>>> print(open('protein.pdb').read())   # PDB, C-alpha atoms
ATOM      1  CA  ARG A 205     126.292 103.514 -58.190
ATOM      2  CA  PRO A 206     123.932 106.070 -59.707
ATOM      3  CA  THR A 207     120.765 104.858 -61.399
ATOM      4  CA  LEU A 208     120.156 106.264 -64.862
ATOM      5  CA  GLN A 209     116.613 104.920 -65.304
ATOM      6  CA  GLU A 210     117.008 103.632 -68.867
ATOM      7  CA  LYS A 211     117.864 107.089 -70.209
ATOM      8  CA  TYR A 212     120.453 107.354 -72.962
ATOM      9  CA  VAL A 213     123.128 109.795 -71.852
ATOM     10  CA  GLY A 214     126.048 109.261 -74.244
ATOM     11  CA  SER A 215     129.639 108.198 -73.723
ATOM     12  CA  THR A 216     130.784 111.494 -72.256
ATOM     13  CA  VAL A 217     128.761 110.747 -69.138
ATOM     14  CA  CYS A 218     130.081 107.176 -68.988
ATOM     15  CA  ALA A 219     133.667 108.423 -69.336
ATOM     16  CA  VAL A 220     133.404 110.500 -66.150
ATOM     17  CA  CYS A 221     133.866 107.284 -64.166
ATOM     18  CA  HIS A 222     135.174 104.949 -66.872
ATOM     19  CA  THR A 223     138.045 107.150 -68.072
ATOM     20  CA  SER A 224     140.234 104.521 -69.762
ATOM     21  CA  ILE A 225     137.275 103.068 -71.642
ATOM     22  CA  GLY A 226     136.105 106.570 -72.599
ATOM     23  CA  ALA A 227     139.538 107.435 -74.007
ATOM     24  CA  TRP A 228     139.638 104.141 -75.891
ATOM     25  CA  TRP A 229     136.135 104.695 -77.303
ATOM     26  CA  LYS A 230     136.958 108.191 -78.630
ATOM     27  CA  GLU A 231     139.548 106.597 -80.924
ATOM     28  CA  SER A 232     137.206 103.848 -82.141
ATOM     29  CA  LYS A 233     135.286 103.552 -85.411
ATOM     30  CA  HIS A 234     132.074 103.392 -83.397
ATOM     31  CA  ALA A 235     132.702 106.899 -82.052
ATOM     32  CA  ILE A 236     132.823 108.368 -85.547
ATOM     33  CA  ALA A 237     130.072 106.252 -87.105
ATOM     34  CA  TYR A 238     127.894 109.311 -87.742
ATOM     35  CA  GLU A 239     130.642 111.354 -89.432
ATOM     36  CA  ALA A 240     130.427 109.296 -92.645
ATOM     37  CA  VAL A 241     126.645 109.738 -92.617
ATOM     38  CA  ALA A 242     126.983 113.510 -92.252
ATOM     39  CA  LYS A 243     129.470 113.680 -95.121
ATOM     40  CA  LYS A 244     127.222 111.615 -97.364
ATOM     41  CA  TYR A 245     123.911 113.338 -96.648
ATOM     42  CA  PHE A 246     124.923 116.891 -95.806
ATOM     43  CA  ALA A 247     128.176 117.349 -97.730
ATOM     44  CA  ARG A 248     129.748 120.735 -97.017
ATOM     45  CA  SER A 249     126.767 122.199 -95.199
ATOM     46  CA  GLY A 250     127.204 119.935 -92.168
ATOM     47  CA  PHE A 251     124.247 118.678 -90.210
ATOM     48  CA  ARG A 252     121.265 120.987 -90.279
ATOM     49  CA  ARG A 253     118.187 120.075 -88.308
ATOM     50  CA  GLU A 254     115.894 120.863 -91.237
ATOM     51  CA  TYR A 255     117.697 118.195 -93.287
ATOM     52  CA  ALA A 256     117.300 115.429 -90.706
ATOM     53  CA  ASP A 257     114.693 113.685 -92.833
ATOM     54  CA  ARG A 258     117.296 113.137 -95.577
ATOM     55  CA  VAL A 259     118.928 110.341 -93.582
ATOM     56  CA  PRO A 260     117.065 107.038 -93.949
ATOM     57  CA  PRO A 261     115.935 105.491 -90.646
ATOM     58  CA  ASN A 262     117.966 102.314 -91.241
ATOM     59  CA  VAL A 263     121.113 104.469 -91.499
ATOM     60  CA  LEU A 264     120.281 106.434 -88.348
ATOM     61  CA  GLU A 265     119.651 103.186 -86.518
ATOM     62  CA  LYS A 266     123.252 102.095 -87.183
ATOM     63  CA  SER A 267     125.042 105.427 -86.773
ATOM     64  CA  THR A 268     123.392 106.873 -83.661
ATOM     65  CA  THR A 269     122.653 105.556 -80.196
ATOM     66  CA  GLY A 270     119.151 104.589 -79.171
ATOM     67  CA  TYR A 271     117.429 105.507 -82.429
ATOM     68  CA  GLY A 272     113.799 104.424 -82.304
ATOM     69  CA  VAL A 273     113.740 104.206 -78.505
ATOM     70  CA  ALA A 274     111.899 106.793 -76.391
ATOM     71  CA  THR A 275     114.996 108.250 -74.710
ATOM     72  CA  GLY A 276     117.406 107.595 -77.605
ATOM     73  CA  TYR A 277     118.489 109.609 -80.614
ATOM     74  CA  ASP A 278     115.689 111.582 -82.247
ATOM     75  CA  PRO A 279     116.464 113.430 -85.514
ATOM     76  CA  ALA A 280     113.848 116.069 -84.679
ATOM     77  CA  ILE A 281     115.790 116.981 -81.541
ATOM     78  CA  HIS A 282     119.245 116.011 -82.857
ATOM     79  CA  GLN A 283     121.002 115.185 -79.604
ATOM     80  CA  LYS A 284     124.687 115.552 -80.464
ATOM     81  CA  ASN A 285     125.622 113.429 -77.450
ATOM     82  CA  LEU A 286     124.023 110.418 -79.182
ATOM     83  CA  LEU A 287     125.643 110.749 -82.616
ATOM     84  CA  GLY A 288     127.817 107.734 -83.187
ATOM     85  CA  VAL A 289     127.731 104.317 -81.557
ATOM     86  CA  HIS A 290     128.154 104.975 -77.847
ATOM     87  CA  CYS A 291     128.594 102.635 -74.867
ATOM     88  CA  GLU A 292     124.836 102.304 -74.506
ATOM     89  CA  ALA A 293     124.397 100.992 -78.029
ATOM     90  CA  CYS A 294     125.987  97.774 -76.770
ATOM     91  CA  HIS A 295     125.453  97.943 -73.024
ATOM     92  CA  THR A 296     121.820  99.197 -72.807
ATOM     93  CA  ALA A 297     120.552 102.676 -71.887
ATOM     94  CA  GLY A 298     122.240 103.811 -68.712
ATOM     95  CA  GLY A 299     124.581 100.829 -68.997
ATOM     96  CA  PRO A 300     124.564  98.393 -66.101
ATOM     97  CA  HIS A 301     123.554 101.163 -63.696
ATOM     98  CA  ASP A 302     119.937 100.009 -63.898
ATOM     99  CA  GLY A 303     120.800  96.437 -63.053
ATOM    100  CA  LYS A 304     120.389  95.380 -66.683
ATOM    101  CA  THR A 305     123.079  93.748 -68.747
ATOM    102  CA  THR A 306     123.377  92.678 -72.336
ATOM    103  CA  ARG A 307     123.211  88.903 -72.191
ATOM    104  CA  ASP A 308     123.711  88.107 -75.860
ATOM    105  CA  MET A 309     126.441  90.331 -77.268
ATOM    106  CA  GLN A 310     126.456  88.561 -80.626
ATOM    107  CA  SER A 311     122.804  89.479 -81.228
ATOM    108  CA  THR A 312     123.579  93.024 -80.145
ATOM    109  CA  CYS A 313     126.414  93.313 -82.680
ATOM    110  CA  THR A 314     124.504  91.729 -85.534
ATOM    111  CA  LYS A 315     121.639  94.202 -85.227
ATOM    112  CA  CYS A 316     123.918  96.622 -87.069
ATOM    113  CA  HIS A 317     126.523  94.331 -88.589
ATOM    114  CA  THR A 318     124.105  92.421 -90.810
ATOM    115  CA  SER A 319     125.182  90.141 -93.628
ATOM    116  CA  ALA A 320     123.698  92.626 -96.107
ATOM    117  CA  ASP A 321     125.386  95.745 -94.697
ATOM    118  CA  ASP A 322     128.625  94.193 -93.431
ATOM    119  CA  PRO A 323     129.139  90.904 -95.287
ATOM    120  CA  THR A 324     132.684  90.363 -93.968
ATOM    121  CA  PHE A 325     131.673  90.778 -90.317
ATOM    122  CA  GLU A 326     132.701  87.812 -88.189
ATOM    123  CA  TYR A 327     131.628  88.117 -84.557
ATOM    124  CA  ARG A 328     134.530  86.422 -82.745
ATOM    125  CA  SER A 329     137.176  88.219 -84.778
ATOM    126  CA  ALA A 330     135.412  91.568 -84.339
ATOM    127  CA  LEU A 331     135.096  91.021 -80.598
ATOM    128  CA  ARG A 332     138.853  90.472 -80.285
ATOM    129  CA  LYS A 333     139.509  93.722 -82.179
ATOM    130  CA  LEU A 334     136.941  95.590 -80.118
ATOM    131  CA  ALA A 335     138.094  94.451 -76.670
ATOM    132  CA  HIS A 336     138.057  97.596 -74.562
ATOM    133  CA  PRO A 337     139.906  98.107 -71.263
ATOM    134  CA  LYS A 338     138.518  96.317 -68.236
ATOM    135  CA  VAL A 339     136.194  98.180 -65.875
ATOM    136  CA  ARG A 340     138.133  98.897 -62.703
ATOM    137  CA  ASN A 341     135.526 100.640 -60.571
TER
END
>>> encode(input="protein.pdb", output="structure tokens")
Amino acid sequence: RPTLQEKYVGSTVCAVCHTSIGAWWKESKHAIAYEAVAKKYFARSGFRREYADRVPPNVLEKSTTGYGVATGYDPAIHQKNLLGVHCEACHTAGGPHDGKTTRDMQSTCTKCHTSADDPTFEYRSALRKLAHPKVRN
């Protein structure tokens, strides 16, 4: 397995090997999490780098991957491969390819799905809905 050294790469890179999961993810609400942000803050003009400061940090944290982390999404650079909630938002930067795993998935989910922002979120129910294909490689 390749080592990704805790660098956020985005789901397109993950999907090279994990094709069924990548196809599943593209159809998920997580994949399009940033689209609602863009519509709200940029309207018809679409994302423009000079408007990046219009999006509040707490919104970027929940609609991009790795926001606030050295190799994660940075609005000054605007890495399109990290817009949305990618594999690494749940499975750590570089996924398990660095020997790290997410031990407490509930805490991972509730970083974004807070009672204030998502009052109807219920972890076990959401996990059943989210269940992606099994890793076969």
>>> closest_residue(input="protein.pdb", among="A:Trp229, A:Tyr245, A:Tyr238, A:Tyr277", to="Lys211 in chain A", atoms="only C-alpha atoms")
A:Tyr277
>>> atom_distance(input="protein.pdb", atom1="CA of Val241 in chain A", atom2="CA of Leu286 in chain A")
13.7 Å
>>> closest_residue(input="protein.pdb", among="A:Val289, A:Cys313, A:Ala274, A:Leu334", to="Glu210 in chain A", atoms="all atoms listed in the file")
A:Ala274
>>> atom_distance(input="protein.pdb", atom1="CA of Ser232 in chain A", atom2="CA of Arg258 in chain A")
25.8 Å
>>> closest_residue(input="protein.pdb", among="A:Pro323, A:Ala330, A:Thr269, A:Ile225", to="Gln310 in chain A", atoms="only C-alpha atoms")
A:Ala330
>>> axis_aligned_box(input="protein.pdb", around="range 237-240 of chain A", padding_each_side="4 Å", output="JSON")
{"center_x": 129.3, "center_y": 108.8, "center_z": -89.9, "size_x": 10.7, "size_y": 13.1, "size_z": 13.5}
>>> atom_distance(input="protein.pdb", atom1="CA of Ala293 in chain A", atom2="CA of Gly270 in chain A")
6.5 Å
>>> resolve_selection(input="protein.pdb", expression="the PyMOL selection byres ((chain A and resi 297) around 6)", output="VMD selection string")
chain A and resid 210 to 212 292 296 298 to 299
>>> residues_around(input="protein.pdb", residues="Cys291 in chain A", least_positions_apart="6", cutoff="8 Å", atoms="all atoms listed in the file", output="VMD selection string")
chain A and resid 214 to 215 218 299
>>> resolve_selection(input="protein.pdb", expression="the PyMOL selection byres ((chain A and resi 259) around 10)", output="PyMOL selection string")
chain A and resi 241-242+244-246+255-258+260-264+279
>>> resolve_selection(input="protein.pdb", expression="the PyMOL selection byres ((chain A and resi 234) around 7)", output="number ranges by chain")
A: 232-233, 235-237, 288-290
>>> build_atoms(input="protein.pdb", residues="range 280-299 of chain A", atoms="N, CA and C atoms", output="mmCIF file, in the coordinates of the input")
data_model
loop_
_atom_site.group_PDB
_atom_site.id
_atom_site.type_symbol
_atom_site.label_atom_id
_atom_site.label_comp_id
_atom_site.auth_asym_id
_atom_site.auth_seq_id
_atom_site.Cartn_x
_atom_site.Cartn_y
_atom_site.Cartn_z
ATOM 1 N N ALA A 280 114.558 114.796 -84.846
ATOM 2 C CA ALA A 280 113.848 116.069 -84.679
ATOM 3 C C ALA A 280 114.502 116.923 -83.589
ATOM 4 N N ILE A 281 115.117 116.264 -82.628
ATOM 5 C CA ILE A 281 115.790 116.981 -81.541
ATOM 6 C C ILE A 281 117.279 117.105 -81.838
ATOM 7 N N HIS A 282 117.837 116.096 -82.485
ATOM 8 C CA HIS A 282 119.245 116.011 -82.857
ATOM 9 C C HIS A 282 120.160 116.174 -81.639
ATOM 10 N N GLN A 283 120.138 115.176 -80.775
ATOM 11 C CA GLN A 283 121.002 115.185 -79.604
ATOM 12 C C GLN A 283 122.423 114.823 -80.030
ATOM 13 N N LYS A 284 123.315 115.791 -80.023
ATOM 14 C CA LYS A 284 124.687 115.552 -80.464
ATOM 15 C C LYS A 284 125.389 114.522 -79.588
ATOM 16 N N ASN A 285 124.984 114.400 -78.344
ATOM 17 C CA ASN A 285 125.622 113.429 -77.450
ATOM 18 C C ASN A 285 125.285 111.981 -77.817
ATOM 19 N N LEU A 286 124.381 111.777 -78.766
ATOM 20 C CA LEU A 286 124.023 110.418 -79.182
ATOM 21 C C LEU A 286 124.384 110.129 -80.642
ATOM 22 N N LEU A 287 125.154 111.016 -81.265
ATOM 23 C CA LEU A 287 125.643 110.749 -82.616
ATOM 24 C C LEU A 287 126.821 109.799 -82.514
ATOM 25 N N GLY A 288 126.791 108.759 -83.282
ATOM 26 C CA GLY A 288 127.817 107.734 -83.187
ATOM 27 C C GLY A 288 127.289 106.556 -82.388
ATOM 28 N N VAL A 289 128.111 105.531 -82.284
ATOM 29 C CA VAL A 289 127.731 104.317 -81.557
ATOM 30 C C VAL A 289 128.412 104.377 -80.197
ATOM 31 N N HIS A 290 127.638 104.765 -79.202
ATOM 32 C CA HIS A 290 128.154 104.975 -77.847
ATOM 33 C C HIS A 290 128.073 103.691 -77.016
ATOM 34 N N CYS A 291 128.593 103.766 -75.809
ATOM 35 C CA CYS A 291 128.594 102.635 -74.867
ATOM 36 C C CYS A 291 127.215 101.976 -74.788
ATOM 37 N N GLU A 292 126.196 102.803 -74.720
ATOM 38 C CA GLU A 292 124.836 102.304 -74.506
ATOM 39 C C GLU A 292 124.260 101.574 -75.709
ATOM 40 N N ALA A 293 124.859 101.743 -76.861
ATOM 41 C CA ALA A 293 124.397 100.992 -78.029
ATOM 42 C C ALA A 293 124.634 99.499 -77.814
ATOM 43 N N CYS A 294 125.661 99.174 -77.058
ATOM 44 C CA CYS A 294 125.987 97.774 -76.770
ATOM 45 C C CYS A 294 125.575 97.360 -75.361
ATOM 46 N N HIS A 295 125.641 98.280 -74.439
ATOM 47 C CA HIS A 295 125.453 97.943 -73.024
ATOM 48 C C HIS A 295 124.130 98.396 -72.441
ATOM 49 N N THR A 296 123.168 98.743 -73.201
ATOM 50 C CA THR A 296 121.820 99.197 -72.807
ATOM 51 C C THR A 296 121.825 100.635 -72.289
ATOM 52 N N ALA A 297 120.690 101.292 -72.354
ATOM 53 C CA ALA A 297 120.552 102.676 -71.887
ATOM 54 C C ALA A 297 120.926 102.750 -70.414
ATOM 55 N N GLY A 298 121.793 103.679 -70.102
ATOM 56 C CA GLY A 298 122.240 103.811 -68.712
ATOM 57 C C GLY A 298 123.243 102.730 -68.326
ATOM 58 N N GLY A 299 123.621 101.897 -69.281
ATOM 59 C CA GLY A 299 124.581 100.829 -68.997
ATOM 60 C C GLY A 299 124.082 99.909 -67.906
#
